[in-house]
$ cat work_1.txt   # compact mmCIF, C-alpha atoms
# COMPACT_ATOMS: atom_id res chain seq x y z
CA MET B 618 -3.16 -21.29 -3.41
CA THR B 619 -4.40 -20.45 -6.90
CA SER B 620 -2.11 -19.27 -9.67
CA ARG B 621 -3.80 -15.85 -9.43
CA THR B 622 -3.07 -15.28 -5.75
CA LEU B 623 0.43 -16.58 -6.25
CA ARG B 624 0.87 -14.13 -9.09
CA ASN B 625 -0.47 -11.28 -6.98
CA ASP B 626 2.20 -12.02 -4.38
CA THR B 627 4.83 -12.24 -7.13
CA ALA B 628 3.63 -8.93 -8.56
CA LYS B 629 4.06 -7.22 -5.18
CA ARG B 630 7.60 -8.55 -4.87
CA ALA B 631 8.41 -7.57 -8.47
CA ALA B 632 7.12 -4.04 -7.81
CA GLY B 633 9.17 -3.78 -4.60
CA PHE B 634 12.37 -5.02 -6.22
CA TYR B 635 12.08 -2.79 -9.26
CA PHE B 636 11.08 0.26 -7.20
CA VAL B 637 14.49 -0.02 -5.50
CA ILE B 638 16.36 -0.96 -8.71
CA HIS B 639 14.80 1.98 -10.59
CA PHE B 640 15.69 4.31 -7.72
CA LEU B 641 19.34 3.18 -7.71
CA LEU B 642 19.57 3.35 -11.50
CA GLU B 643 18.40 6.97 -11.61
CA VAL B 644 20.72 7.93 -8.73
CA VAL B 645 23.69 6.74 -10.82
CA CYS B 646 22.53 8.41 -14.06
CA PHE B 647 21.58 11.76 -12.54
CA TYR B 648 24.69 11.89 -10.35
CA MET B 649 26.74 11.60 -13.56
CA VAL B 650 24.69 13.95 -15.74
CA THR B 651 24.13 16.65 -13.08
CA GLY B 652 27.81 16.68 -12.15
CA LEU B 653 28.84 17.78 -15.64
CA ALA B 654 30.13 21.32 -16.12
CA GLY B 655 30.35 23.22 -19.39
CA ASP B 656 28.75 25.82 -21.63
CA ALA B 657 25.12 25.74 -22.77
CA GLU B 658 25.89 23.91 -26.03
CA PHE B 659 27.77 21.13 -24.23
CA ILE B 660 25.04 20.63 -21.63
CA GLY B 661 22.42 20.77 -24.42
CA THR B 662 24.29 18.14 -26.43
CA VAL B 663 24.58 15.83 -23.41
CA ALA B 664 20.87 16.33 -22.61
CA ILE B 665 19.82 15.43 -26.18
CA ILE B 666 22.11 12.38 -26.36
CA TYR B 667 21.07 11.19 -22.87
CA ASN B 668 17.36 11.61 -23.55
CA VAL B 669 17.42 10.06 -27.01
CA LEU B 670 19.60 7.08 -26.03
CA ALA B 671 17.97 6.32 -22.68
CA PHE B 672 14.31 6.76 -23.70
CA VAL B 673 13.84 6.04 -27.42
CA PRO B 674 15.67 2.66 -27.71
CA GLN B 675 13.39 1.25 -24.99
CA LEU B 676 10.83 0.68 -27.75
CA LEU B 677 13.28 -1.41 -29.82
CA ILE B 678 14.76 -3.17 -26.77
CA GLY B 679 11.25 -3.86 -25.46
CA ALA B 680 10.15 -5.37 -28.78
CA ALA B 681 13.37 -7.43 -28.99
CA LEU B 682 12.92 -8.78 -25.43
CA ASP B 683 9.29 -9.64 -26.22
CA LEU B 684 10.62 -11.99 -28.92
CA PHE B 685 12.39 -13.99 -26.18
CA PRO B 686 10.06 -13.91 -23.17
CA LYS B 687 11.99 -16.64 -21.37
CA ARG B 688 15.34 -14.85 -21.57
CA HIS B 689 16.09 -12.05 -19.10
CA PHE B 690 18.64 -9.34 -19.81
CA GLY B 691 18.34 -7.10 -16.74
CA ALA B 692 21.74 -8.19 -15.39
CA LEU B 693 23.36 -7.15 -18.69
CA GLY B 694 21.76 -3.72 -18.24
CA SER B 695 23.26 -3.38 -14.78
CA ILE B 696 26.73 -4.35 -16.05
CA LEU B 697 26.49 -1.82 -18.90
CA LEU B 698 25.25 0.90 -16.53
CA MET B 699 28.16 0.49 -14.16
CA THR B 700 30.70 0.11 -17.00
CA GLY B 701 29.55 3.47 -18.38
CA PHE B 702 29.64 5.03 -14.93
CA PHE B 703 33.18 3.82 -14.10
CA LEU B 704 34.47 4.71 -17.58
CA PHE B 705 33.15 8.26 -17.10
CA PHE B 706 35.01 8.67 -13.81
CA LEU B 707 38.20 7.28 -15.34
CA THR B 708 38.14 9.54 -18.40
CA GLY B 709 36.25 12.67 -17.32
CA ALA B 710 33.94 14.78 -19.43
CA THR B 711 36.26 15.34 -22.41
CA GLY B 712 37.29 13.32 -25.43
CA ALA B 713 35.75 10.41 -27.26
CA LEU B 714 35.66 8.11 -24.23
CA PHE B 715 33.23 10.42 -22.44
CA TRP B 716 30.68 9.96 -25.23
CA VAL B 717 31.34 6.21 -25.24
CA SER B 718 30.69 6.11 -21.48
CA LEU B 719 27.46 8.08 -21.95
CA VAL B 720 26.24 5.69 -24.68
CA ILE B 721 27.04 2.62 -22.53
CA LEU B 722 25.34 4.18 -19.49
CA CYS B 723 22.20 4.95 -21.54
CA ALA B 724 22.11 1.41 -22.99
CA GLY B 725 22.24 -0.02 -19.46
CA ASN B 726 19.56 2.41 -18.33
CA ALA B 727 17.22 1.42 -21.19
CA ILE B 728 17.70 -2.35 -20.68
CA ILE B 729 17.00 -2.13 -16.92
CA HIS B 730 13.85 -0.05 -17.56
CA ILE B 731 12.50 -2.64 -19.99
CA SER B 732 13.42 -5.53 -17.69
CA GLY B 733 11.46 -3.85 -14.91
CA ALA B 734 8.48 -3.24 -17.18
CA GLU B 735 8.51 -6.85 -18.47
CA LEU B 736 8.55 -8.36 -14.96
CA THR B 737 6.05 -5.99 -13.36
CA ILE B 738 3.58 -6.23 -16.28
CA ARG B 739 3.88 -9.99 -16.87
CA SER B 740 3.40 -10.77 -13.17
CA ALA B 741 0.60 -8.23 -12.65
CA GLY B 742 -2.40 -10.28 -13.76
CA SER B 743 -4.44 -7.26 -14.69
CA ARG B 744 -3.32 -4.78 -12.04
CA LEU B 745 -1.58 -1.53 -12.90
CA SER B 746 -0.08 -0.91 -9.45
CA PRO B 747 3.08 -3.07 -9.92
CA VAL B 748 4.26 -1.15 -13.00
CA ALA B 749 3.20 2.15 -11.40
CA ILE B 750 5.22 1.45 -8.24
CA PHE B 751 8.22 0.42 -10.38
CA VAL B 752 8.08 3.68 -12.35
CA SER B 753 7.59 5.84 -9.25
CA GLY B 754 10.97 4.77 -7.87
CA GLY B 755 12.66 6.74 -10.66
CA SER B 756 11.42 10.14 -9.45
CA PHE B 757 12.99 9.62 -6.03
CA GLY B 758 16.20 8.45 -7.72
CA VAL B 759 16.39 11.51 -9.99
CA ILE B 760 16.26 13.99 -7.10
CA THR B 761 18.62 11.91 -4.93
CA GLY B 762 21.19 11.68 -7.76
CA GLN B 763 20.92 15.41 -8.48
CA LEU B 764 21.37 16.32 -4.81
CA MET B 765 24.34 13.96 -4.46
CA ALA B 766 26.05 15.69 -7.40
CA LEU B 767 25.18 19.22 -6.18
CA TYR B 768 26.47 18.49 -2.67
CA ASN B 769 29.65 16.84 -4.03
CA VAL B 770 29.00 13.45 -2.48
CA PRO B 771 32.05 11.24 -3.25
CA PHE B 772 31.81 9.13 -6.40
CA VAL B 773 32.13 5.91 -4.39
CA ILE B 774 28.66 6.31 -2.80
CA PRO B 775 26.61 6.27 -6.06
CA ALA B 776 29.05 3.62 -7.38
CA ILE B 777 28.18 1.29 -4.48
CA LEU B 778 24.47 2.07 -4.86
CA GLY B 779 24.67 1.34 -8.59
CA MET B 780 26.46 -1.96 -8.03
CA LEU B 781 23.59 -3.09 -5.81
CA THR B 782 21.36 -3.21 -8.90
CA LEU B 783 23.10 -6.37 -10.16
CA PRO B 784 22.28 -8.72 -7.23
CA LEU B 785 18.79 -7.21 -6.94
CA ILE B 786 18.08 -7.88 -10.63
CA ILE B 787 19.44 -11.44 -10.39
CA ILE B 788 17.21 -12.15 -7.37
CA SER B 789 14.17 -10.52 -8.98
CA ASP B 790 14.63 -12.64 -12.13
CA ARG B 791 13.78 -15.68 -9.99
CA LEU B 792 10.22 -14.33 -9.75
CA TYR B 793 9.68 -15.40 -13.38
CA ARG B 794 9.42 -18.96 -12.01
CA ASP B 795 6.01 -18.08 -10.56
CA ILE B 796 4.67 -16.86 -13.91
CA PRO B 797 3.10 -19.69 -15.96
CA GLU B 798 5.57 -20.77 -18.66
CA SER B 799 2.85 -21.23 -21.23
CA SER B 800 2.01 -17.51 -21.29
CA SER B 801 4.33 -15.82 -23.74
CA SER B 802 1.91 -12.88 -23.67
CA CYS B 803 0.57 -11.23 -20.52
CA THR B 804 -2.97 -11.91 -19.45
CA GLY B 805 -5.79 -9.96 -17.89
CA PHE B 806 -5.34 -6.41 -19.17
CA ASP B 807 -8.66 -5.41 -20.68
CA LEU B 808 -9.07 -1.67 -20.26
CA VAL B 809 -9.78 -0.68 -23.85
CA SER B 810 -13.14 -0.64 -25.63
CA ALA B 811 -13.32 -3.61 -28.03
CA LYS B 812 -14.32 -1.40 -30.97
CA ARG B 813 -11.07 0.57 -30.99
CA ALA B 814 -8.39 -0.36 -33.52
CA ILE B 815 -4.89 -1.14 -32.20
CA ALA B 816 -3.31 1.68 -34.24
CA VAL B 817 -5.81 4.22 -32.87
CA VAL B 818 -5.08 3.19 -29.27
CA ILE B 819 -1.31 3.33 -29.86
CA ILE B 820 -1.46 6.78 -31.47
CA ALA B 821 -3.85 8.14 -28.80
CA SER B 822 -1.72 6.80 -25.93
CA PHE B 823 1.44 8.18 -27.54
CA LEU B 824 -0.25 11.57 -27.90
CA ILE B 825 -1.46 11.62 -24.28
CA VAL B 826 2.03 10.73 -22.96
CA SER B 827 3.73 13.29 -25.24
CA VAL B 828 1.30 16.08 -24.34
CA ARG B 829 1.61 15.33 -20.62
CA SER B 830 5.41 15.22 -20.87
CA TRP B 831 5.49 18.51 -22.80
CA LEU B 832 3.01 20.09 -20.39
CA GLY B 833 5.16 19.06 -17.43
CA TYR B 834 7.72 21.68 -18.45
CA GLY B 835 5.08 24.44 -18.50
CA ILE B 836 3.53 23.83 -15.07
CA PRO B 837 3.77 27.12 -13.17
CA THR B 838 5.90 26.52 -10.05
CA SER B 839 7.28 29.91 -9.03
CA TRP B 840 6.99 28.70 -5.40
CA ASN B 841 9.84 26.25 -6.00
CA LYS B 842 12.91 28.09 -4.72
CA THR B 843 14.63 25.89 -2.15
CA THR B 844 16.14 22.41 -2.21
CA PHE B 845 13.50 21.18 0.21
CA GLN B 846 10.74 22.41 -2.11
CA THR B 847 12.38 20.63 -5.06
CA ILE B 848 12.47 17.43 -2.99
CA LEU B 849 8.75 17.87 -2.28
CA LEU B 850 8.08 18.41 -6.01
CA PHE B 851 9.82 15.15 -6.98
CA THR B 852 8.13 13.34 -4.08
CA ALA B 853 4.73 14.47 -5.42
CA LEU B 854 5.75 13.26 -8.90
CA GLY B 855 6.78 9.82 -7.60
CA ALA B 856 3.85 9.44 -5.22
CA GLY B 857 1.44 10.45 -8.00
CA LYS B 858 2.78 7.79 -10.35
CA ALA B 859 2.34 5.07 -7.73
CA ALA B 860 -1.07 6.41 -6.64
CA GLY B 861 -2.33 6.30 -10.25
CA GLY B 862 -1.78 2.55 -10.45
CA LEU B 863 -3.24 1.87 -7.01
CA LEU B 864 -6.31 4.00 -7.73
CA ALA B 865 -6.86 2.46 -11.18
CA ASP B 866 -6.88 -1.00 -9.56
CA ARG B 867 -9.58 0.15 -7.13
CA ILE B 868 -11.90 2.42 -9.12
CA GLY B 869 -10.94 1.61 -12.72
CA ALA B 870 -8.63 3.15 -15.30
CA ARG B 871 -11.26 5.40 -16.89
CA LYS B 872 -12.23 7.16 -13.65
CA THR B 873 -8.55 7.45 -12.70
CA ALA B 874 -7.78 9.04 -16.08
CA PHE B 875 -10.49 11.67 -15.56
CA ILE B 876 -9.46 12.42 -11.98
CA SER B 877 -5.86 12.67 -13.07
CA ILE B 878 -6.31 14.71 -16.23
CA LEU B 879 -9.20 17.02 -15.34
CA GLY B 880 -8.79 17.03 -11.54
CA ALA B 881 -5.23 18.32 -11.86
CA VAL B 882 -6.17 21.39 -13.96
CA PRO B 883 -7.43 23.82 -11.26
CA PHE B 884 -4.63 22.86 -8.87
CA LEU B 885 -1.96 23.37 -11.53
CA ILE B 886 -3.35 26.73 -12.65
CA PHE B 887 -3.93 28.22 -9.20
CA GLY B 888 -0.86 26.63 -7.62
CA ASP B 889 1.73 28.92 -9.16
CA ARG B 890 2.47 30.63 -5.83
CA ILE B 891 0.86 28.23 -3.35
CA MET B 892 3.03 25.18 -2.89
CA ILE B 893 0.50 22.77 -1.41
CA VAL B 894 -2.10 23.46 -4.15
CA SER B 895 0.54 22.96 -6.83
CA LEU B 896 1.78 19.72 -5.23
CA ILE B 897 -1.76 18.29 -5.24
CA GLY B 898 -2.00 19.21 -8.94
CA ILE B 899 1.35 17.56 -9.71
CA LEU B 900 0.29 14.45 -7.76
CA PHE B 901 -2.91 14.18 -9.85
CA PHE B 902 -1.04 15.04 -13.04
CA SER B 903 1.43 12.15 -12.57
CA MET B 904 -1.32 9.59 -12.08
CA THR B 905 -1.97 9.31 -15.84
CA MET B 906 1.23 7.33 -16.43
CA SER B 907 -0.01 3.91 -15.34
CA VAL B 908 -3.30 4.37 -17.21
CA THR B 909 -1.51 4.97 -20.52
CA VAL B 910 0.70 1.91 -19.94
CA GLY B 911 -2.47 -0.10 -19.22
CA MET B 912 -4.12 1.18 -22.41
CA LEU B 913 -1.16 0.09 -24.50
CA VAL B 914 -0.72 -3.31 -22.82
CA SER B 915 -4.46 -4.00 -23.33
CA VAL B 916 -3.98 -3.90 -27.11
CA MET B 917 -0.40 -5.26 -27.13
CA ARG B 918 -0.60 -8.20 -24.73
CA PHE B 919 1.84 -10.06 -26.99
CA ALA B 920 4.48 -7.30 -26.52
CA PRO B 921 4.39 -5.66 -23.05
CA GLY B 922 7.99 -4.48 -23.36
CA ALA B 923 7.27 -2.64 -26.61
CA ALA B 924 4.08 -1.21 -25.08
CA PHE B 925 6.13 0.29 -22.27
CA GLY B 926 8.70 1.49 -24.83
CA ILE B 927 6.00 3.46 -26.66
CA THR B 928 5.35 5.47 -23.48
CA THR B 929 9.04 6.29 -23.03
CA THR B 930 9.29 7.33 -26.69
CA GLY B 931 6.27 9.56 -26.04
CA LEU B 932 8.09 11.07 -23.05
CA PHE B 933 11.03 11.88 -25.32
CA ALA B 934 8.74 13.42 -27.95
CA GLY B 935 7.21 15.61 -25.23
CA THR B 936 10.64 16.71 -24.00
CA LEU B 937 11.67 17.56 -27.55
CA ALA B 938 8.46 19.55 -28.05
CA ALA B 939 9.20 21.45 -24.81
CA VAL B 940 12.60 22.49 -26.21
CA ILE B 941 10.99 23.80 -29.41
CA ILE B 942 7.66 25.18 -28.10
CA ARG B 943 8.05 26.75 -24.70
CA SER B 944 6.49 29.79 -23.13
CA ASP B 945 7.44 31.69 -20.00
CA CYS B 946 4.10 33.51 -20.02
CA LEU B 947 1.93 32.32 -17.13
CA LEU B 948 -1.37 32.97 -18.95
CA ALA B 949 -0.20 31.11 -22.07
CA ASN B 950 0.88 28.12 -19.96
CA CYS B 951 -2.47 28.08 -18.14
CA ILE B 952 -4.36 28.14 -21.46
CA LEU B 953 -2.15 25.32 -22.77
CA ILE B 954 -2.83 23.24 -19.63
CA VAL B 955 -6.62 23.63 -20.04
CA ILE B 956 -6.71 22.91 -23.80
CA SER B 957 -4.32 19.95 -23.74
CA SER B 958 -6.00 18.43 -20.66
CA ALA B 959 -9.39 18.62 -22.41
CA LEU B 960 -7.87 16.93 -25.48
CA CYS B 961 -6.29 14.15 -23.37
CA ALA B 962 -9.56 13.60 -21.44
CA LEU B 963 -11.48 13.28 -24.71
CA LEU B 964 -8.96 10.75 -26.06
CA ALA B 965 -9.05 8.74 -22.83
CA SER B 966 -12.87 8.66 -22.77
CA PHE B 967 -12.87 7.51 -26.40
CA ILE B 968 -10.43 4.66 -25.73
CA LEU B 969 -11.04 3.41 -22.18
CA LYS B 970 -13.82 1.00 -21.32
CA PRO B 971 -16.00 2.16 -18.40
CA GLY B 972 -16.09 0.39 -15.06
CA THR B 973 -13.30 -2.16 -15.17
CA SER B 974 -10.61 -2.13 -12.52
CA GLY B 975 -7.73 -4.56 -12.18
CA ASN B 976 -9.14 -5.83 -8.87
CA ASP B 977 -12.56 -6.47 -10.47
CA ILE B 978 -11.01 -8.52 -13.28
CA ILE B 979 -9.03 -10.63 -10.81
CA LYS B 980 -12.08 -11.16 -8.54
CA LYS B 981 -14.15 -12.18 -11.57
CA ASP B 982 -11.38 -14.51 -12.66
CA GLN B 983 -11.14 -16.13 -9.22
CA GLY B 984 -14.93 -16.45 -9.02
CA GLY B 985 -15.02 -18.17 -12.40
CA MET H 382 38.32 13.38 -33.40
CA LEU H 383 35.40 13.54 -30.98
CA ASN H 384 36.87 16.50 -29.12
CA TYR H 385 34.20 18.98 -28.07
CA ASP H 386 36.59 21.98 -27.73
CA ALA H 387 38.19 21.48 -31.14
CA MET H 388 34.91 21.11 -33.00
CA GLY H 389 32.96 23.89 -31.38
CA GLY H 390 29.74 23.70 -29.43
CA VAL H 391 27.23 24.47 -32.18
CA VAL H 392 28.63 21.80 -34.53
CA PHE H 393 28.47 19.34 -31.67
CA LEU H 394 24.87 20.25 -30.90
CA LEU H 395 23.91 19.77 -34.57
CA GLY H 396 25.69 16.41 -34.50
CA ALA H 397 23.65 15.40 -31.47
CA ILE H 398 20.41 16.33 -33.26
CA LEU H 399 21.50 14.28 -36.30
CA ILE H 400 22.29 11.30 -34.04
CA ALA H 401 18.86 11.70 -32.41
CA VAL H 402 17.12 11.62 -35.81
CA ILE H 403 19.10 8.51 -36.87
CA VAL H 404 18.38 6.72 -33.57
CA VAL H 405 14.65 7.50 -33.81
CA PHE H 406 14.57 6.21 -37.41
CA ILE H 407 16.41 2.96 -36.57
CA VAL H 408 14.24 2.37 -33.49
CA PHE H 409 10.96 2.92 -35.35
CA VAL H 410 11.88 0.73 -38.34
CA GLY H 411 13.43 -2.00 -36.16
CA SER H 412 10.49 -2.05 -33.74
CA ALA H 413 7.96 -2.16 -36.58
CA ILE H 414 9.72 -5.21 -38.05
CA ILE H 415 9.93 -7.03 -34.68
CA LEU H 416 6.32 -6.18 -33.78
CA GLY H 417 5.25 -7.50 -37.18
CA ILE H 418 7.04 -10.80 -36.43
CA LEU H 419 5.44 -10.96 -32.95
CA LEU H 420 1.96 -10.27 -34.34
CA HIS H 421 2.42 -12.93 -37.01
CA LYS H 422 3.59 -15.42 -34.33
CA LYS H 423 0.58 -14.59 -32.15
CA ARG H 424 -1.89 -15.04 -35.03
CA LYS H 425 -0.32 -18.40 -35.87
CA GLU H 426 -0.67 -19.48 -32.22
CA ASN H 427 -4.32 -18.37 -32.16
CA ASN H 428 -5.09 -20.18 -35.41
CA ALA H 429 -3.46 -23.36 -34.08
CA GLN H 430 -5.50 -23.10 -30.85
CA GLN H 431 -8.71 -22.56 -32.80
CA SER H 432 -8.10 -25.57 -35.02
CA VAL H 433 -7.48 -27.72 -31.90
CA THR H 434 -10.79 -26.49 -30.44
CA HIS H 435 -12.62 -27.28 -33.68
CA THR H 436 -11.11 -30.79 -33.84
CA SER H 437 -12.15 -31.56 -30.26
CA GLU H 438 -15.68 -30.37 -31.02
CA VAL H 439 -16.16 -32.92 -33.85
CA PRO H 440 -18.36 -35.73 -32.44
CA LYS H 441 -16.72 -39.14 -32.39
CA GLU H 442 -18.20 -41.82 -34.62
CA ASP H 443 -19.66 -44.79 -32.79
$ encode --input "work_1.txt" --output "structure tokens"
Amino acid sequence: MTSRTLRNDTAKRAAGFYFVIHFLLEVVCFYMVTGLAGDAEFIGTVAIIYNVLAFVPQLLIGAALDLFPKRHFGALGSILLMTGFFLFFLTGATGALFWVSLVILCAGNAIIHISGAELTIRSAGSRLSPVAIFVSGGSFGVITGQLMALYNVPFVIPAILGMLTLPLIIISDRLYRDIPESSSSCTGFDLVSAKRAIAVVIIASFLIVSVRSWLGYGIPTSWNKTTFQTILLFTALGAGKAAGGLLADRIGARKTAFISILGAVPFLIFGDRIMIVSLIGILFFSMTMSVTVGMLVSVMRFAPGAAFGITTTGLFAGTLAAVIIRSDCLLANCILIVISSALCALLASFILKPGTSGNDIIKKDQGG
Amino acid sequence: MLNYDAMGGVVFLLGAILIAVIVVFIVFVGSAIILGILLHKKRKENNAQQSVTHTSEVPKED
């Protein structure tokens, strides 16, 4: 068995473990956040604090963990997550301790995200599917956590689910044994044209993620009225993220980017009232995620954690933009979807190298 | 001290925005420093590897 095939097997296991861990993590976080009651300012404050503390520090944590590639901090993230969760249910949503619990919960959330990204990227060889499958687990966790809170599921259920993250992370950390010790940086990722400067790729990827995140809030979905339809929406989001990685490994990141960015446009525009059309659009729309991670890792092989952190910071920037610039006008949203998709497609075509898929690189590597 | 009701919602919201700005600033500066260290480390590793390659390419004297 070559180191490549061994790593492929390791990558599959890493993706499976972190799909579940990510799911459980989001169940805990969204059960807590959705269950909060209060006026608009209170909910707004919690939303800002949660988003800024769970998403933005992933860049710093990712960079810090890249400094110590042989040390793994996922278990610490799980302990912090559950400490924040239990503290919240002991103190409630008032007083200083509530904010302390929220900060601890977010810190745990961020550390687990980066641990998942580090393992799935470092073990991937050059494939994007492991990190894509890891990220897709979150969408299913978000909707499950929200539903649990809305249907008043007892606190003990998400608590038990959250506690499962610790043994799962400890077991998944053993997969690092299969990754060659000599490689402090990840190998294989080569999706970006050699002529492009690192700074240009970072800025372009950040822009694509931010625009897509911002656009996500403007997608017309007037069909979404029932709980079942919301479940379908989140399922399309999760399935799209995983499909993006799988498709990029088969046909290449550049083609996947075009299918995802431009292919989604007609479905998103004409899917306002027709659920199935909209769901196809959302599925395509979500496929960009793994491509942007691949773009960043290709120029930051020495810091995969930080590369992943840049995408989460971009997600936060997009959310912030959606709070400031938001339109309820259907026509305006459709125009925004077309213009921003064209911009993202142009950026992707400028950055991505044609014709290389993760599977091709691995086959070439094995042949050589 | 950190009581939401006593301070009023708007003040709290402004506080959250201020915290967000501070966090973003710390994260960007901190990450830039760490990435600089990582890049420097990587370049040093590459240079060391290159010099090893060059040394092994020098033909041995008979």
$ atom_distance --input "work_1.txt" --atom1 "CA of Glu735 in chain B" --atom2 "CA of Ala920 in chain B"
9.0 Å
$ closest_atom_pairs --input "work_1.txt" --of "chain B" --to "chain H" --cutoff "6 Å" --atoms "only C-alpha atoms" --output "tab-separated table"
residue	atom	partner	partner_atom	distance
B:Glu658	CA	H:Gly390	CA	5.1
B:Thr662	CA	H:Leu394	CA	5.0
B:Val669	CA	H:Ala401	CA	5.8
B:Pro674	CA	H:Val408	CA	6.0
B:Leu677	CA	H:Ser412	CA	4.9
B:Ala680	CA	H:Ser412	CA	6.0
B:Gly712	CA	H:Asn384	CA	4.9
B:Ala713	CA	H:Leu383	CA	4.9
$ atom_distance --input "work_1.txt" --atom1 "CA of Ala692 in chain B" --atom2 "CA of Met649 in chain B"
20.5 Å
$ axis_aligned_box --input "work_1.txt" --around "range 390-402 of chain H" --padding-each-side "3 Å" --output "JSON"
{"center_x": 23.4, "center_y": 17.9, "center_z": -32.9, "size_x": 18.6, "size_y": 19.2, "size_z": 12.9}
$ closest_residue --input "work_1.txt" --among "B:Phe751, B:Phe690, B:Phe702, B:Phe672" --to "Leu937 in chain B" --atoms "only C-alpha atoms"
B:Phe672
$ atom_distance --input "work_1.txt" --atom1 "CA of Leu963 in chain B" --atom2 "CA of Ala816 in chain B"
17.1 Å
$ closest_residue --input "work_1.txt" --among "B:Phe875, B:Phe933, B:Phe715, B:Phe806" --to "Leu960 in chain B" --atoms "all atoms listed in the file"
B:Phe875
$ residues_around --input "work_1.txt" --residues "Ile899 in chain B" --least-positions-apart "6" --cutoff "10 Å" --atoms "all atoms listed in the file" --output "short mmCIF file (atom, residue, chain, number, x, y, z; two decimals) with C-alpha atoms, in the frame of the given file"
data_model
loop_
_atom_site.label_atom_id
_atom_site.label_comp_id
_atom_site.auth_asym_id
_atom_site.auth_seq_id
_atom_site.Cartn_x
_atom_site.Cartn_y
_atom_site.Cartn_z
CA GLY B 833 5.16 19.06 -17.43
CA ILE B 836 3.53 23.83 -15.07
CA LEU B 850 8.08 18.41 -6.01
CA PHE B 851 9.82 15.15 -6.98
CA THR B 852 8.13 13.34 -4.08
CA ALA B 853 4.73 14.47 -5.42
CA LEU B 854 5.75 13.26 -8.90
CA GLY B 855 6.78 9.82 -7.60
CA ALA B 856 3.85 9.44 -5.22
CA GLY B 857 1.44 10.45 -8.00
CA LYS B 858 2.78 7.79 -10.35
CA SER B 877 -5.86 12.67 -13.07
CA ALA B 881 -5.23 18.32 -11.86
CA VAL B 882 -6.17 21.39 -13.96
CA PHE B 884 -4.63 22.86 -8.87
CA LEU B 885 -1.96 23.37 -11.53
CA GLY B 888 -0.86 26.63 -7.62
CA ILE B 893 0.50 22.77 -1.41
#
$ closest_residue --input "work_1.txt" --among "B:Leu953, B:Leu849, B:Leu642, B:Ile878" --to "Thr909 in chain B" --atoms "only C-alpha atoms"
B:Ile878
$ closest_residue --input "work_1.txt" --among "B:Val910, B:Gly935, B:Leu781, B:Leu808" --to "Trp831 in chain B" --atoms "only C-alpha atoms"
B:Gly935
$ closest_residue --input "work_1.txt" --among "B:Val663, B:Val828, B:Val818, B:Val673" --to "Ala938 in chain B" --atoms "all atoms listed in the file"
B:Val828
